file model01.tsv (TSV, C-alpha atoms)
chain	number	residue	atom	x	y	z
A	6	MET	CA	26.21	10.59	-1.71
A	7	GLU	CA	24.93	7.70	0.33
A	8	ARG	CA	25.02	4.49	-1.63
A	9	SER	CA	21.40	3.60	-2.43
A	10	GLN	CA	20.12	0.08	-2.00
A	11	TYR	CA	18.56	-0.16	-5.45
A	12	SER	CA	21.16	1.48	-7.75
A	13	SER	CA	18.72	4.37	-8.17
A	14	ARG	CA	18.27	7.05	-5.56
A	15	LEU	CA	14.87	7.95	-7.01
A	16	LEU	CA	13.66	4.39	-6.66
A	17	ASP	CA	15.12	4.19	-3.17
A	18	ASN	CA	13.33	7.40	-2.20
A	19	ALA	CA	9.97	6.23	-3.45
A	20	VAL	CA	10.35	2.86	-1.72
A	21	ASN	CA	11.26	4.57	1.55
A	22	GLN	CA	8.22	6.81	1.27
A	23	PHE	CA	5.84	3.92	0.63
A	24	ALA	CA	7.42	2.02	3.52
A	25	THR	CA	6.35	4.79	5.92
A	26	LEU	CA	2.70	3.85	5.33
A	27	PRO	CA	1.15	1.59	7.98
A	28	GLY	CA	1.30	-2.12	7.16
A	29	ILE	CA	3.61	-1.60	4.17
A	30	GLY	CA	7.06	-3.12	4.53
A	31	ARG	CA	10.03	-2.48	2.24
A	32	ARG	CA	9.27	-5.55	0.12
A	33	THR	CA	5.67	-4.49	-0.53
A	34	ALA	CA	6.82	-0.90	-1.06
A	35	LEU	CA	9.23	-2.08	-3.76
A	36	ARG	CA	6.48	-4.07	-5.46
A	37	LEU	CA	4.20	-1.00	-5.48
A	38	VAL	CA	6.92	1.29	-6.84
A	39	LEU	CA	7.87	-1.17	-9.59
A	40	HIS	CA	4.17	-1.38	-10.47
A	41	LEU	CA	3.98	2.40	-10.76
A	42	LEU	CA	7.15	2.38	-12.90
A	43	ARG	CA	5.39	0.18	-15.45
A	44	GLU	CA	2.23	2.30	-15.41
A	45	ASP	CA	1.40	5.00	-17.89
A	46	GLN	CA	2.85	8.34	-16.79
A	47	ASN	CA	-0.61	9.95	-16.78
A	48	ASP	CA	-1.96	7.29	-14.46
A	49	VAL	CA	0.87	7.97	-12.04
A	50	LEU	CA	0.21	11.70	-12.20
A	51	GLN	CA	-3.47	11.04	-11.45
A	52	PHE	CA	-2.46	8.94	-8.45
A	53	VAL	CA	-0.10	11.64	-7.23
A	54	ASP	CA	-2.71	14.39	-7.70
A	55	ALA	CA	-5.37	12.46	-5.85
A	56	VAL	CA	-3.04	11.88	-2.89
A	57	ARG	CA	-1.88	15.50	-2.84
A	58	ALA	CA	-5.45	16.79	-3.08
A	59	VAL	CA	-6.81	14.61	-0.31
A	60	ARG	CA	-4.36	16.15	2.13
A	61	SER	CA	-4.24	19.72	0.78
A	62	ASP	CA	-7.79	20.43	-0.34
A	63	ILE	CA	-9.96	18.45	2.05
A	64	CYS	CA	-11.63	20.38	4.82
A	65	TYR	CA	-13.74	19.61	7.87
A	66	CYS	CA	-17.46	20.27	8.04
A	67	LYS	CA	-18.00	23.41	10.14
A	68	ILE	CA	-21.08	21.83	11.71
A	69	CYS	CA	-20.07	18.25	12.56
A	70	ASN	CA	-16.28	18.13	11.84
A	71	ASN	CA	-16.68	15.24	9.41
A	72	ILE	CA	-14.28	15.40	6.46
A	73	SER	CA	-15.80	17.20	3.55
A	74	ASP	CA	-15.02	18.79	0.19
A	75	ASN	CA	-17.00	21.88	1.17
A	76	GLU	CA	-17.68	23.99	4.26
A	77	VAL	CA	-20.63	21.78	5.13
A	78	CYS	CA	-20.44	18.01	4.55
A	79	ASP	CA	-22.90	16.05	2.41
A	80	ILE	CA	-24.59	14.58	5.47
A	81	CYS	CA	-25.21	17.92	7.18
A	82	ALA	CA	-26.27	19.45	3.86
A	83	ASN	CA	-28.74	16.63	3.14
A	84	ALA	CA	-32.27	17.92	3.85
A	85	GLU	CA	-33.65	14.37	3.82
A	86	ARG	CA	-31.74	13.42	6.95
A	87	ASP	CA	-33.08	13.81	10.48
A	88	HIS	CA	-31.21	16.86	11.75
A	89	ARG	CA	-32.77	16.58	15.23
A	90	THR	CA	-30.79	13.43	16.07
A	91	ILE	CA	-27.03	13.83	16.53
A	92	CYS	CA	-24.80	10.79	16.80
A	93	VAL	CA	-21.53	11.57	18.64
A	94	VAL	CA	-18.57	9.53	17.39
A	95	GLU	CA	-14.85	9.52	17.98
A	96	ASN	CA	-13.58	9.87	14.40
A	97	ILE	CA	-14.52	9.86	10.72
A	98	ARG	CA	-13.98	6.09	10.45
A	99	ASP	CA	-16.86	5.64	12.88
A	100	VAL	CA	-19.05	7.84	10.67
A	101	MET	CA	-18.18	5.57	7.73
A	102	ALA	CA	-18.88	2.43	9.76
A	103	ILE	CA	-22.32	3.68	10.84
A	104	GLU	CA	-23.14	4.97	7.34
A	105	ASN	CA	-22.32	1.52	5.95
A	106	THR	CA	-25.08	-0.02	8.08
A	107	HIS	CA	-27.69	2.10	6.22
A	108	GLN	CA	-29.68	2.07	9.50
A	109	TYR	CA	-29.09	5.65	10.64
A	110	ARG	CA	-30.74	8.68	9.07
A	111	GLY	CA	-29.67	11.33	11.56
A	112	VAL	CA	-26.58	13.54	11.55
A	113	TYR	CA	-23.23	13.26	13.32
A	114	HIS	CA	-20.80	15.08	15.52
A	115	VAL	CA	-17.16	14.00	15.28
A	116	LEU	CA	-15.30	14.55	18.57
A	117	GLY	CA	-11.85	13.97	17.11
A	118	GLY	CA	-10.85	11.60	19.91
A	119	VAL	CA	-11.77	10.69	23.45
A	120	ILE	CA	-10.68	12.09	26.80
A	121	SER	CA	-7.41	10.36	27.65
A	122	PRO	CA	-5.30	11.86	30.45
A	123	MET	CA	-2.56	9.32	29.64
A	124	ASP	CA	-2.16	10.84	26.17
A	125	GLY	CA	-2.70	14.36	27.47
A	126	ILE	CA	-6.07	14.71	25.74
A	127	GLY	CA	-8.56	16.69	27.82
A	128	PRO	CA	-12.09	17.89	27.03
A	129	ASP	CA	-10.74	21.12	25.53
A	130	ASP	CA	-8.83	19.17	22.87
A	131	LEU	CA	-12.06	17.66	21.55
A	132	ASN	CA	-14.90	19.23	19.55
A	133	ILE	CA	-17.21	19.42	22.57
A	134	SER	CA	-17.95	23.17	22.62
A	135	SER	CA	-19.30	23.03	19.08
A	136	LEU	CA	-21.54	20.11	20.09
A	137	GLU	CA	-22.72	22.12	23.09
A	138	ASN	CA	-23.51	25.08	20.82
A	139	ARG	CA	-25.64	22.84	18.59
A	140	LEU	CA	-27.67	21.87	21.65
A	141	ILE	CA	-27.89	25.45	22.98
A	142	SER	CA	-29.30	26.58	19.65
A	143	GLY	CA	-31.97	23.93	20.15
A	144	GLU	CA	-31.37	22.13	16.87
A	145	ALA	CA	-31.53	18.61	18.33
A	146	ASP	CA	-33.90	16.40	20.33
A	147	GLU	CA	-31.57	13.45	20.87
A	148	VAL	CA	-27.85	12.89	21.27
A	149	ILE	CA	-26.65	9.31	20.70
A	150	LEU	CA	-23.29	8.59	22.32
A	151	ALA	CA	-21.51	6.06	20.10
A	152	LEU	CA	-18.03	5.95	21.61
A	153	SER	CA	-15.99	2.81	22.11
A	154	THR	CA	-16.35	0.88	25.39
A	155	THR	CA	-12.82	1.51	26.57
A	156	LEU	CA	-11.88	3.24	29.78
A	157	GLU	CA	-11.39	6.44	27.79
A	158	GLY	CA	-14.65	6.01	25.88
A	159	ASP	CA	-16.62	5.46	29.07
A	160	THR	CA	-14.96	8.45	30.74
A	161	THR	CA	-15.88	10.62	27.77
A	162	ASN	CA	-19.45	9.29	27.77
A	163	LEU	CA	-19.85	10.22	31.42
A	164	TYR	CA	-18.25	13.64	30.92
A	165	LEU	CA	-20.51	14.39	27.95
A	166	TYR	CA	-23.59	13.20	29.85
A	167	LYS	CA	-22.85	15.51	32.78
A	168	ARG	CA	-22.08	18.48	30.56
A	169	LEU	CA	-24.97	18.08	28.12
A	170	ASP	CA	-27.79	16.82	30.35
A	171	LYS	CA	-28.89	20.36	31.28
A	172	TYR	CA	-29.94	21.17	27.71
A	173	GLY	CA	-33.02	18.95	27.99
A	174	VAL	CA	-32.26	16.58	25.11
A	175	ASN	CA	-32.53	12.80	25.25
A	176	ILE	CA	-29.07	11.37	25.73
A	177	THR	CA	-28.86	7.74	24.61
A	178	THR	CA	-26.06	5.32	23.92
A	179	ILE	CA	-25.81	2.56	21.35
A	180	ALA	CA	-26.85	-0.92	22.48
A	181	ARG	CA	-24.13	-3.30	23.63
A	182	GLY	CA	-24.77	-7.00	23.52
A	183	VAL	CA	-23.99	-10.30	21.90
A	184	ALA	CA	-23.26	-9.75	18.21
A	185	VAL	CA	-25.80	-10.94	15.65
A	186	GLY	CA	-24.83	-14.48	14.67
A	187	ASP	CA	-22.60	-15.06	17.71
A	188	GLU	CA	-23.05	-18.06	19.99
A	189	LEU	CA	-23.91	-17.17	23.59
A	190	GLU	CA	-21.36	-19.56	25.05
A	191	TYR	CA	-18.48	-17.74	23.32
A	192	ALA	CA	-19.55	-14.19	24.28
A	193	ASP	CA	-17.51	-12.55	27.03
A	194	GLU	CA	-19.23	-12.19	30.41
A	195	VAL	CA	-19.38	-8.38	30.41
A	196	THR	CA	-21.08	-8.26	27.01
A	197	LEU	CA	-23.47	-11.09	27.81
A	198	GLY	CA	-24.26	-9.52	31.20
A	199	ARG	CA	-25.03	-6.18	29.59
A	200	SER	CA	-27.19	-7.78	26.93
A	201	ILE	CA	-29.32	-9.35	29.67
A	202	VAL	CA	-29.58	-6.20	31.81
A	203	ASN	CA	-30.47	-4.12	28.74
A	204	ARG	CA	-32.90	-6.65	27.26
A	205	VAL	CA	-35.57	-5.21	24.92
A	206	PRO	CA	-39.21	-6.19	24.28
A	207	PHE	CA	-39.22	-8.97	21.69
A	208	ASN	CA	-41.58	-7.11	19.36
A	209	LYS	CA	-39.09	-4.22	19.17
A	210	THR	CA	-36.31	-6.33	17.76
A	211	ILE	CA	-35.67	-5.63	14.12
A	212	ALA	CA	-34.02	-8.09	11.78
A	213	VAL	CA	-31.18	-6.27	10.03
B	16	MET	CA	-22.26	14.63	-9.48
B	17	GLU	CA	-21.96	10.96	-8.66
B	18	ARG	CA	-22.65	10.31	-5.00
B	19	SER	CA	-19.34	9.41	-3.42
B	20	GLN	CA	-19.06	6.52	-0.99
B	21	TYR	CA	-17.26	8.47	1.71
B	22	SER	CA	-19.11	11.84	1.79
B	23	SER	CA	-15.96	13.36	0.26
B	24	ARG	CA	-15.13	13.07	-3.42
B	25	LEU	CA	-11.47	13.86	-2.69
B	26	LEU	CA	-11.25	11.01	-0.21
B	27	ASP	CA	-13.09	8.72	-2.59
B	28	ASN	CA	-10.67	9.62	-5.38
B	29	ALA	CA	-7.58	8.94	-3.29
B	30	VAL	CA	-8.99	5.62	-2.06
B	31	ASN	CA	-9.80	4.57	-5.63
B	32	GLN	CA	-6.28	5.48	-6.73
B	33	PHE	CA	-4.64	3.49	-3.93
B	34	ALA	CA	-6.95	0.56	-4.68
B	35	THR	CA	-5.51	0.33	-8.22
B	36	LEU	CA	-2.17	-0.76	-6.72
B	37	PRO	CA	-1.54	-4.51	-6.70
B	38	GLY	CA	-2.51	-6.25	-3.46
B	39	ILE	CA	-4.27	-3.16	-2.06
B	40	GLY	CA	-8.02	-3.55	-1.59
B	41	ARG	CA	-10.46	-0.74	-0.82
B	42	ARG	CA	-10.27	-1.34	2.92
B	43	THR	CA	-6.47	-1.09	3.00
B	44	ALA	CA	-6.61	1.87	0.61
B	45	LEU	CA	-8.92	3.68	3.02
B	46	ARG	CA	-6.59	2.95	5.92
B	47	LEU	CA	-3.63	4.36	3.97
B	48	VAL	CA	-5.52	7.49	2.94
B	49	LEU	CA	-6.75	8.14	6.49
B	50	HIS	CA	-3.15	7.74	7.64
B	51	LEU	CA	-1.99	10.34	5.10
B	52	LEU	CA	-4.81	12.66	6.22
B	53	ARG	CA	-3.38	12.66	9.74
B	54	GLU	CA	0.20	13.20	8.54
B	55	ASP	CA	1.93	16.53	8.34
B	56	GLN	CA	1.26	18.23	5.01
B	57	ASN	CA	4.99	18.40	4.23
B	58	ASP	CA	5.37	14.66	4.73
B	59	VAL	CA	2.54	14.05	2.28
B	60	LEU	CA	4.14	16.39	-0.26
B	61	GLN	CA	7.44	14.50	0.13
B	62	PHE	CA	5.61	11.24	-0.49
B	63	VAL	CA	3.88	12.68	-3.54
B	64	ASP	CA	7.11	14.14	-4.93
B	65	ALA	CA	8.99	10.87	-4.50
B	66	VAL	CA	6.29	8.94	-6.34
B	67	ARG	CA	6.07	11.51	-9.14
B	68	ALA	CA	9.85	11.62	-9.54
B	69	VAL	CA	10.32	7.87	-9.67
B	70	ARG	CA	8.06	7.70	-12.71
B	71	SER	CA	8.98	10.98	-14.41
B	72	ASP	CA	12.70	11.35	-13.79
B	73	ILE	CA	14.02	7.82	-13.73
B	74	CYS	CA	15.81	6.61	-16.84
B	75	TYR	CA	17.28	3.39	-18.12
B	76	CYS	CA	21.03	2.74	-18.35
B	77	LYS	CA	22.07	3.07	-22.00
B	78	ILE	CA	24.45	0.12	-21.59
B	79	CYS	CA	22.48	-2.50	-19.64
B	80	ASN	CA	18.90	-1.09	-19.47
B	81	ASN	CA	18.86	-1.26	-15.68
B	82	ILE	CA	16.94	1.57	-14.04
B	83	SER	CA	19.18	4.46	-13.23
B	84	ASP	CA	19.20	8.10	-12.20
B	85	ASN	CA	21.77	8.87	-14.91
B	86	GLU	CA	22.58	7.82	-18.46
B	87	VAL	CA	24.80	5.02	-17.15
B	88	CYS	CA	23.74	3.08	-14.03
B	89	ASP	CA	25.85	2.78	-10.89
B	90	ILE	CA	26.78	-0.81	-11.71
B	91	CYS	CA	28.01	-0.10	-15.25
B	92	ALA	CA	29.80	3.03	-14.02
B	93	ASN	CA	31.56	1.15	-11.21
B	94	ALA	CA	35.18	0.54	-12.26
B	95	GLU	CA	35.64	-2.05	-9.51
B	96	ARG	CA	33.19	-4.45	-11.12
B	97	ASP	CA	34.16	-7.11	-13.65
B	98	HIS	CA	32.96	-5.64	-16.93
B	99	ARG	CA	33.99	-8.73	-18.91
B	100	THR	CA	31.21	-10.86	-17.37
B	101	ILE	CA	27.64	-10.00	-18.38
B	102	CYS	CA	24.70	-11.55	-16.56
B	103	VAL	CA	21.55	-11.57	-18.71
B	104	VAL	CA	18.31	-11.18	-16.70
B	105	GLU	CA	14.67	-10.68	-17.48
B	106	ASN	CA	13.97	-7.52	-15.46
B	107	ILE	CA	15.29	-5.10	-12.87
B	108	ARG	CA	13.87	-7.14	-9.99
B	109	ASP	CA	16.25	-9.94	-11.00
B	110	VAL	CA	19.16	-7.49	-10.88
B	111	MET	CA	18.11	-6.56	-7.34
B	112	ALA	CA	17.77	-10.21	-6.34
B	113	ILE	CA	21.26	-11.08	-7.60
B	114	GLU	CA	22.77	-7.92	-6.10
B	115	ASN	CA	21.28	-8.88	-2.73
B	116	THR	CA	23.31	-12.11	-2.75
B	117	HIS	CA	26.57	-10.05	-2.76
B	118	GLN	CA	28.09	-12.98	-4.74
B	119	TYR	CA	28.27	-11.39	-8.19
B	120	ARG	CA	30.83	-8.75	-9.18
B	121	GLY	CA	30.16	-8.61	-12.94
B	122	VAL	CA	27.73	-6.40	-14.86
B	123	TYR	CA	24.22	-7.01	-16.17
B	124	HIS	CA	22.07	-6.86	-19.26
B	125	VAL	CA	18.32	-6.45	-18.70
B	126	LEU	CA	16.28	-8.02	-21.52
B	127	GLY	CA	13.00	-6.44	-20.46
B	128	GLY	CA	11.13	-9.74	-20.73
B	129	VAL	CA	11.35	-13.16	-22.35
B	130	ILE	CA	10.26	-14.45	-25.74
B	131	SER	CA	6.58	-15.31	-25.40
B	132	PRO	CA	4.60	-15.88	-28.62
B	133	MET	CA	1.42	-16.21	-26.51
B	134	ASP	CA	1.83	-12.61	-25.32
B	135	GLY	CA	3.07	-11.43	-28.73
B	136	ILE	CA	6.61	-10.82	-27.45
B	137	GLY	CA	9.26	-11.71	-30.03
B	138	PRO	CA	13.06	-11.27	-29.99
B	139	ASP	CA	12.73	-7.79	-31.50
B	140	ASP	CA	10.72	-6.60	-28.49
B	141	LEU	CA	13.61	-7.41	-26.15
B	142	ASN	CA	16.96	-5.67	-25.64
B	143	ILE	CA	18.87	-8.35	-27.57
B	144	SER	CA	20.51	-6.19	-30.26
B	145	SER	CA	22.18	-4.03	-27.63
B	146	LEU	CA	23.49	-7.20	-25.95
B	147	GLU	CA	24.78	-8.41	-29.32
B	148	ASN	CA	26.54	-5.07	-29.87
B	149	ARG	CA	28.28	-5.41	-26.50
B	150	LEU	CA	29.64	-8.79	-27.63
B	151	ILE	CA	30.58	-7.54	-31.13
B	152	SER	CA	32.62	-4.74	-29.57
B	153	GLY	CA	34.47	-7.49	-27.68
B	154	GLU	CA	33.83	-6.07	-24.23
B	155	ALA	CA	32.94	-9.40	-22.63
B	156	ASP	CA	34.42	-12.88	-22.08
B	157	GLU	CA	31.39	-14.54	-20.53
B	158	VAL	CA	27.63	-14.26	-20.78
B	159	ILE	CA	25.65	-15.80	-17.90
B	160	LEU	CA	22.06	-16.59	-18.82
B	161	ALA	CA	19.97	-16.12	-15.65
B	162	LEU	CA	16.42	-16.39	-16.96
B	163	SER	CA	13.60	-18.22	-15.21
B	164	THR	CA	13.09	-21.94	-15.96
B	165	THR	CA	9.72	-21.51	-17.59
B	166	LEU	CA	8.86	-22.54	-21.13
B	167	GLU	CA	9.42	-18.93	-22.21
B	168	GLY	CA	12.67	-18.62	-20.26
B	169	ASP	CA	14.06	-21.82	-21.78
B	170	THR	CA	13.00	-20.71	-25.27
B	171	THR	CA	14.78	-17.40	-24.76
B	172	ASN	CA	17.88	-19.14	-23.38
B	173	LEU	CA	18.06	-21.33	-26.49
B	174	TYR	CA	17.45	-18.40	-28.83
B	175	LEU	CA	20.16	-16.32	-27.15
B	176	TYR	CA	22.59	-19.24	-27.22
B	177	LYS	CA	22.11	-19.73	-30.96
B	178	ARG	CA	22.36	-16.03	-31.73
B	179	LEU	CA	25.33	-15.21	-29.48
B	180	ASP	CA	27.46	-18.38	-29.76
B	181	LYS	CA	29.27	-17.09	-32.88
B	182	TYR	CA	30.93	-14.25	-30.95
B	183	GLY	CA	33.29	-16.63	-29.19
B	184	VAL	CA	32.32	-15.86	-25.59
B	185	ASN	CA	31.65	-18.41	-22.88
B	186	ILE	CA	27.90	-18.80	-22.54
B	187	THR	CA	26.92	-20.22	-19.15
B	188	THR	CA	23.73	-20.54	-17.20
B	189	ILE	CA	23.06	-20.35	-13.46
B	190	ALA	CA	23.05	-23.64	-11.56
B	191	ARG	CA	19.71	-25.27	-10.85
B	192	GLY	CA	19.39	-27.66	-7.95
B	193	VAL	CA	18.01	-28.32	-4.52
B	194	ALA	CA	17.90	-25.08	-2.54
B	195	VAL	CA	20.33	-24.61	0.33
B	196	GLY	CA	18.60	-25.84	3.49
B	197	ASP	CA	15.93	-27.84	1.64
B	198	GLU	CA	15.34	-31.51	2.41
B	199	LEU	CA	15.97	-33.85	-0.53
B	200	GLU	CA	12.72	-35.76	-0.03
B	201	TYR	CA	10.65	-32.61	-0.56
B	202	ALA	CA	12.47	-31.37	-3.69
B	203	ASP	CA	10.60	-31.83	-6.96
B	204	GLU	CA	11.94	-34.54	-9.29
B	205	VAL	CA	13.05	-32.19	-12.09
B	206	THR	CA	15.10	-30.04	-9.72
B	207	LEU	CA	16.59	-33.02	-7.89
B	208	GLY	CA	17.35	-34.72	-11.20
B	209	ARG	CA	19.14	-31.66	-12.52
B	210	SER	CA	21.11	-31.23	-9.32
B	211	ILE	CA	22.45	-34.80	-9.74
B	212	VAL	CA	23.25	-34.48	-13.46
B	213	ASN	CA	25.01	-31.13	-12.88
B	214	ARG	CA	26.86	-32.20	-9.75
B	215	VAL	CA	30.05	-30.27	-8.93
B	216	PRO	CA	33.37	-31.32	-7.34
B	217	PHE	CA	32.98	-31.12	-3.59
B	218	ASN	CA	35.97	-28.85	-3.14
B	219	LYS	CA	34.34	-26.28	-5.41
B	220	THR	CA	31.29	-25.85	-3.22
B	221	ILE	CA	31.27	-22.59	-1.36
B	222	ALA	CA	29.37	-22.01	1.82
B	223	VAL	CA	27.30	-18.84	1.35

call {"tool": "encode", "arguments": {"input": "model01.tsv", "output": "structure tokens"}}
result
Amino acid sequence: MERSQYSSRLLDNAVNQFATLPGIGRRTALRLVLHLLREDQNDVLQFVDAVRAVRSDICYCKICNNISDNEVCDICANAERDHRTICVVENIRDVMAIENTHQYRGVYHVLGGVISPMDGIGPDDLNISSLENRLISGEADEVILALSTTLEGDTTNLYLYKRLDKYGVNITTIARGVAVGDELEYADEVTLGRSIVNRVPFNKTIAV
Amino acid sequence: MERSQYSSRLLDNAVNQFATLPGIGRRTALRLVLHLLREDQNDVLQFVDAVRAVRSDICYCKICNNISDNEVCDICANAERDHRTICVVENIRDVMAIENTHQYRGVYHVLGGVISPMDGIGPDDLNISSLENRLISGEADEVILALSTTLEGDTTNLYLYKRLDKYGVNITTIARGVAVGDELEYADEVTLGRSIVNRVPFNKTIAV
């Protein structure tokens, strides 16, 4: 048996497992494990069950690919939302970020990534066909492209635009510009340039 | 059903559970859970099993109360260690800290805390009787008190000294002084004062 660092192989195991999580070093991992050791056994079992369940029982919405407890996620199942506007995002974190603004009442489509030849990710690796099918069935009037402004994001935007334009829906993209509260002089040139080119009528600006 | 923050109750649950850990906020918890979601299911099960096992299967050494996978911990079971020197510490983290120095070859006794009337912890709540029994059976020549220099630690030191002195063992305490590498001018007065009062012959100093 390999000599364990902490006189207990079980402890060592648990610390090693925690240390595989992003941003958690061995020192933090040890602190977390020692915390769990002091906890009530039922609390630890609850923790363990919740972690097991989130990986084993969670599924992906068959409409938009958002994570969900059921076949269809809460957003797609919500009749009060605007189902004729589809916001295309890269991943579920982007859905959360947009939901947290409380400014969007439409639905989503999660691509699961962006086109990235460097990483070997092509259009067929993303959930594009299912998005296309939603447009073919005529369920939407507008598609908002909300991908990141990286080389890969822009490539994907262009690809999606070319592939989806023929379905006669409005294809828009989220506004880029100087962030609310930022000083002009500290904004980068590309962002500031875009915010001037894409200026909007003053009476359309909404205070968030 | 309560409306969950993340459109998935399972995700919400797991995030809440991670957020109960010390130093982990909801944002970090979400990052960890999303990481686990992307991991292979077997890796997640290994993580879950390790955490469950560390709380359910770990036991405490019947000699020194250190955590252990067996009835007797690796340190107490190690015949190469000096079983006639017992270092008394507050908790298992202190055992780890001393072990990491690689300077101590004796055995330990984990008190499980210090006397703290404010927190309702008296001598009977600590593993003092088992320490006393180890001295009564004559298994030790020296007891090193390595408790923290707080009011509670000093109280416990004094209590242990009074209770254990009659068994005819050497009772020592770890040296306090200016840390190796620290500048004298920045050391606090109490520490610097103690390091002068408890000065040692130069030829006894060991470079660590």

call {"tool": "interface_residues", "arguments": {"input": "model01.tsv", "of": "chain A", "to": "chain B", "cutoff": "8 Å", "atoms": "only C-alpha atoms", "output": "ChimeraX atom specification"}}
result
/A:11-16,18-19,22-23,26-27,37-38,40-42,46,49-63,72-74,78-80,101

call {"tool": "atom_distance", "arguments": {"input": "model01.tsv", "atom1": "atom CA of Lys77 of chain B", "atom2": "atom CA of Ile159 of chain B"}}
result
19.6 Å

call {"tool": "closest_residue", "arguments": {"input": "model01.tsv", "among": "B:Gly192, B:Gly183, B:Gly128, B:Gly153", "to": "Glu167 of chain B", "atoms": "all atoms listed in the file"}}
result
B:Gly128

call {"tool": "residues_around", "arguments": {"input": "model01.tsv", "residues": "Asp187 of chain A", "least_positions_apart": "5", "cutoff": "12 Å", "atoms": "only C-alpha atoms", "output": "PyMOL selection string"}}
result
chain A and resi 182+192-193+196-197

call {"tool": "atom_distance", "arguments": {"input": "model01.tsv", "atom1": "atom CA of Leu150 of chain A", "atom2": "atom CA of Cys92 of chain A"}}
result
6.1 Å

call {"tool": "axis_aligned_box", "arguments": {"input": "model01.tsv", "around": "segment 21-31 of chain B", "padding_each_side": "6 Å", "output": "JSON"}}
result
{"center_x": -13.3, "center_y": 9.2, "center_z": -1.9, "size_x": 23.5, "size_y": 21.3, "size_z": 19.4}

call {"tool": "residues_near_point", "arguments": {"input": "model01.tsv", "point": "(-18.9, 9.2, 17.0)", "cutoff": "12 Å", "atoms": "all atoms listed in the file", "output": "number ranges by chain"}}
result
A: 69-71, 91-104, 112-119, 131-133, 136, 148-153, 158, 161-162, 178-179

call {"tool": "atom_distance", "arguments": {"input": "model01.tsv", "atom1": "atom CA of Tyr75 of chain B", "atom2": "atom CA of Glu147 of chain B"}}
result
17.9 Å

call {"tool": "decode", "arguments": {"input": "model01.tsv", "residues": "segment 123-168 of chain B", "atoms": "C-alpha atoms", "output": "short mmCIF file (atom, residue, chain, number, x, y, z; two decimals), in the first residue's frame"}}
result
data_model
loop_
_atom_site.label_atom_id
_atom_site.label_comp_id
_atom_site.auth_asym_id
_atom_site.auth_seq_id
_atom_site.Cartn_x
_atom_site.Cartn_y
_atom_site.Cartn_z
CA TYR B 123 0.54 11.87 19.54
CA HIS B 124 -2.51 12.36 21.69
CA VAL B 125 -5.37 14.36 20.15
CA LEU B 126 -7.42 16.19 22.81
CA GLY B 127 -10.26 17.10 20.46
CA GLY B 128 -10.28 20.72 21.62
CA VAL B 129 -9.19 22.92 24.51
CA ILE B 130 -10.88 23.85 27.78
CA SER B 131 -13.19 26.75 26.98
CA PRO B 132 -15.83 27.68 29.58
CA MET B 133 -17.25 30.24 27.12
CA ASP B 134 -18.10 27.43 24.68
CA GLY B 135 -19.14 25.07 27.49
CA ILE B 136 -16.13 22.79 26.94
CA GLY B 137 -14.76 21.39 30.19
CA PRO B 138 -11.99 18.83 30.86
CA ASP B 139 -14.51 15.98 30.67
CA ASP B 140 -15.36 16.86 27.06
CA LEU B 141 -11.73 16.29 26.01
CA ASN B 142 -9.74 13.08 25.62
CA ILE B 143 -7.82 13.65 28.88
CA SER B 144 -8.70 10.42 30.74
CA SER B 145 -7.29 8.32 27.92
CA LEU B 146 -4.09 10.38 28.05
CA GLU B 147 -3.95 9.86 31.82
CA ASN B 148 -4.37 6.10 31.33
CA ARG B 149 -1.43 6.06 28.91
CA LEU B 150 0.72 7.67 31.62
CA ILE B 151 -0.62 5.40 34.40
CA SER B 152 0.32 2.35 32.35
CA GLY B 153 3.84 3.80 32.25
CA GLU B 154 4.14 3.80 28.48
CA ALA B 155 5.69 7.27 28.24
CA ASP B 156 8.69 9.24 29.54
CA GLU B 157 7.77 12.64 28.15
CA VAL B 158 4.62 14.57 27.37
CA ILE B 159 5.02 17.55 25.01
CA LEU B 160 2.21 20.07 25.32
CA ALA B 161 1.71 21.60 21.84
CA LEU B 162 -1.47 23.62 22.28
CA SER B 163 -2.07 27.07 20.84
CA THR B 164 -1.05 30.12 22.91
CA THR B 165 -4.55 31.41 23.39
CA LEU B 166 -6.23 31.97 26.73
CA GLU B 167 -7.95 28.59 26.32
CA GLY B 168 -4.74 26.86 25.23
#
